[in-house]
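Trainee: Please read through the structure below; I'll follow up with questions.
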Amino acid sequence: MTPRTLLSVGLGCDRGTPLATVQTCLHEALAQLGATPADIVAVASITLKADEPALAQLAALHGWTLQWFSPAELAAVPVPNPSATVLRHVGTPSVSEAAALLAGRVPMSALLVEKHKHRGPDGKNATVSIARAAASFSASQFPTHPSDVS
């Protein structure tokens with residue numbers, strides 16, 4: 001039996017994006033890898049989204065602890081798809097790609113899904129990027145069910 005690939009996920013979204021849009025975006029990105037939410041060991045976004053209901057709801061559904069990175073931390077990470085628009089709005093050229101790499105403690109070469117975007121029926125956008133988490137990650141370090149969170 002081969003060990004499963006542990007994944008880190010970076011999330012981004014428009015302000016007020018519904019949970020369903022973020023979930024759809026995540027599931028589409030995971031499907032590209034043949035992966036499931038059970039493979040995720042780290043999830044992160046930008047500090048400016050720490051009060052975003054859909055991100056908190058998604059984390060609660062899966063028992064994940066969200067990591068938050070400042071715009072400066074994210075801006076220091078080289079990514080394949082920097083955006084001048086994102087830079088203008090939040091102070092970093094990347095949220096999801098940089099967050100996935102920082103959360104996974106890996107270089108750009110570990111990025112498996114680059115900046116996957118999904119626009120919901122209400123016009124709100126979500127973005128998901130997925131990286132292979134560092135080999136030093138242990139799945140037991142991260143809660144997988146809400147009951148595991150102390």
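As shown in the structure tokens, the chain order sets the letters A, B, ...; within each chain, residues go from 1, and ligands are also counted from 1 in the order they appear.
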List every residue of chain A that DSSP, applied to the backbone of this structure, assigns to alpha helix (DSSP H), and report them as a ChimeraX atom specification.

Mentor: /A:19-33,53-62,71-75,84-90,96-104

Trainee: Which parts of segment 23-144 of chain A does DSSP call strand (DSSP E or B) when run on the backbone here, written out as a PyMOL selection string?

Mentor: chain A and resi 40-46+66-69+111-119+125-132

Trainee: Put those residues in a file: C-alpha atoms, as a PDB file, in the first residue's frame.

Mentor:
ATOM      1  CA  ILE A  40      -5.878  17.742   3.513  1.00  0.00           C
ATOM      2  CA  VAL A  41      -3.590  18.422   6.473  1.00  0.00           C
ATOM      3  CA  ALA A  42      -3.296  22.216   6.297  1.00  0.00           C
ATOM      4  CA  VAL A  43      -5.628  25.011   5.154  1.00  0.00           C
ATOM      5  CA  ALA A  44      -4.759  28.694   4.957  1.00  0.00           C
ATOM      6  CA  SER A  45      -5.778  32.097   3.691  1.00  0.00           C
ATOM      7  CA  ILE A  46      -5.016  35.779   4.164  1.00  0.00           C
ATOM      8  CA  LEU A  66      -7.314  27.616   9.437  1.00  0.00           C
ATOM      9  CA  GLN A  67      -3.914  29.271   9.306  1.00  0.00           C
ATOM     10  CA  TRP A  68      -3.795  32.974   8.530  1.00  0.00           C
ATOM     11  CA  PHE A  69      -0.955  34.751   6.752  1.00  0.00           C
ATOM     12  CA  LEU A 111       2.094  23.235  -6.176  1.00  0.00           C
ATOM     13  CA  LEU A 112      -0.238  20.595  -7.648  1.00  0.00           C
ATOM     14  CA  VAL A 113      -3.286  22.737  -8.479  1.00  0.00           C
ATOM     15  CA  GLU A 114      -2.610  26.329  -9.435  1.00  0.00           C
ATOM     16  CA  LYS A 115      -5.223  28.971  -8.711  1.00  0.00           C
ATOM     17  CA  HIS A 116      -8.398  27.031  -9.513  1.00  0.00           C
ATOM     18  CA  LYS A 117     -11.285  29.514  -9.774  1.00  0.00           C
ATOM     19  CA  HIS A 118     -15.021  29.000  -9.483  1.00  0.00           C
ATOM     20  CA  ARG A 119     -17.727  31.633  -9.936  1.00  0.00           C
ATOM     21  CA  ASN A 125     -15.675  33.997  -6.823  1.00  0.00           C
ATOM     22  CA  ALA A 126     -13.666  31.446  -4.878  1.00  0.00           C
ATOM     23  CA  THR A 127     -10.102  30.371  -5.549  1.00  0.00           C
ATOM     24  CA  VAL A 128      -8.363  27.202  -4.357  1.00  0.00           C
ATOM     25  CA  SER A 129      -4.752  26.140  -4.756  1.00  0.00           C
ATOM     26  CA  ILE A 130      -3.354  22.821  -3.589  1.00  0.00           C
ATOM     27  CA  ALA A 131       0.222  21.856  -2.768  1.00  0.00           C
ATOM     28  CA  ARG A 132       1.884  18.647  -1.673  1.00  0.00           C
TER      29      ARG A 132
END

Trainee: Give the answer as one residue: which of A:Ala135, A:Gly120, A:Ala76, A:Lys49 has the shortest atom-to-atom distance to Leu19 of chain A, using only C-alpha atoms?

Mentor: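 Result for the nearest residue to Leu19 of chain A: A:Gly120.
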
Trainee: Pick out the residues sitting within 10 Å of Pro93 of chain A, and hand them over as a list in words; count only C-alpha atoms, and ignore anything fewer than 2 positions along from it in its own chain.

Mentor: Pro71, Ala72, Leu74, Ala75, Ala76, Val77, Pro78, Val79, Asn81, Pro82, Ser83, Ala84, Thr85, Val86, Leu87, Arg88, His89, Val90, Gly91, Val95, Ser96, Glu97 and Ala98 of chain A

Trainee: Using only C-alpha atoms for the distances, tell me which of A:Gly123, A:Pro18, A:Gly12, A:Gly34 is nearest to Gln57 of chain A.

Mentor: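 When distances to Gln57 of chain A are compared using only C-alpha atoms, the smallest one comes from A:Pro18.
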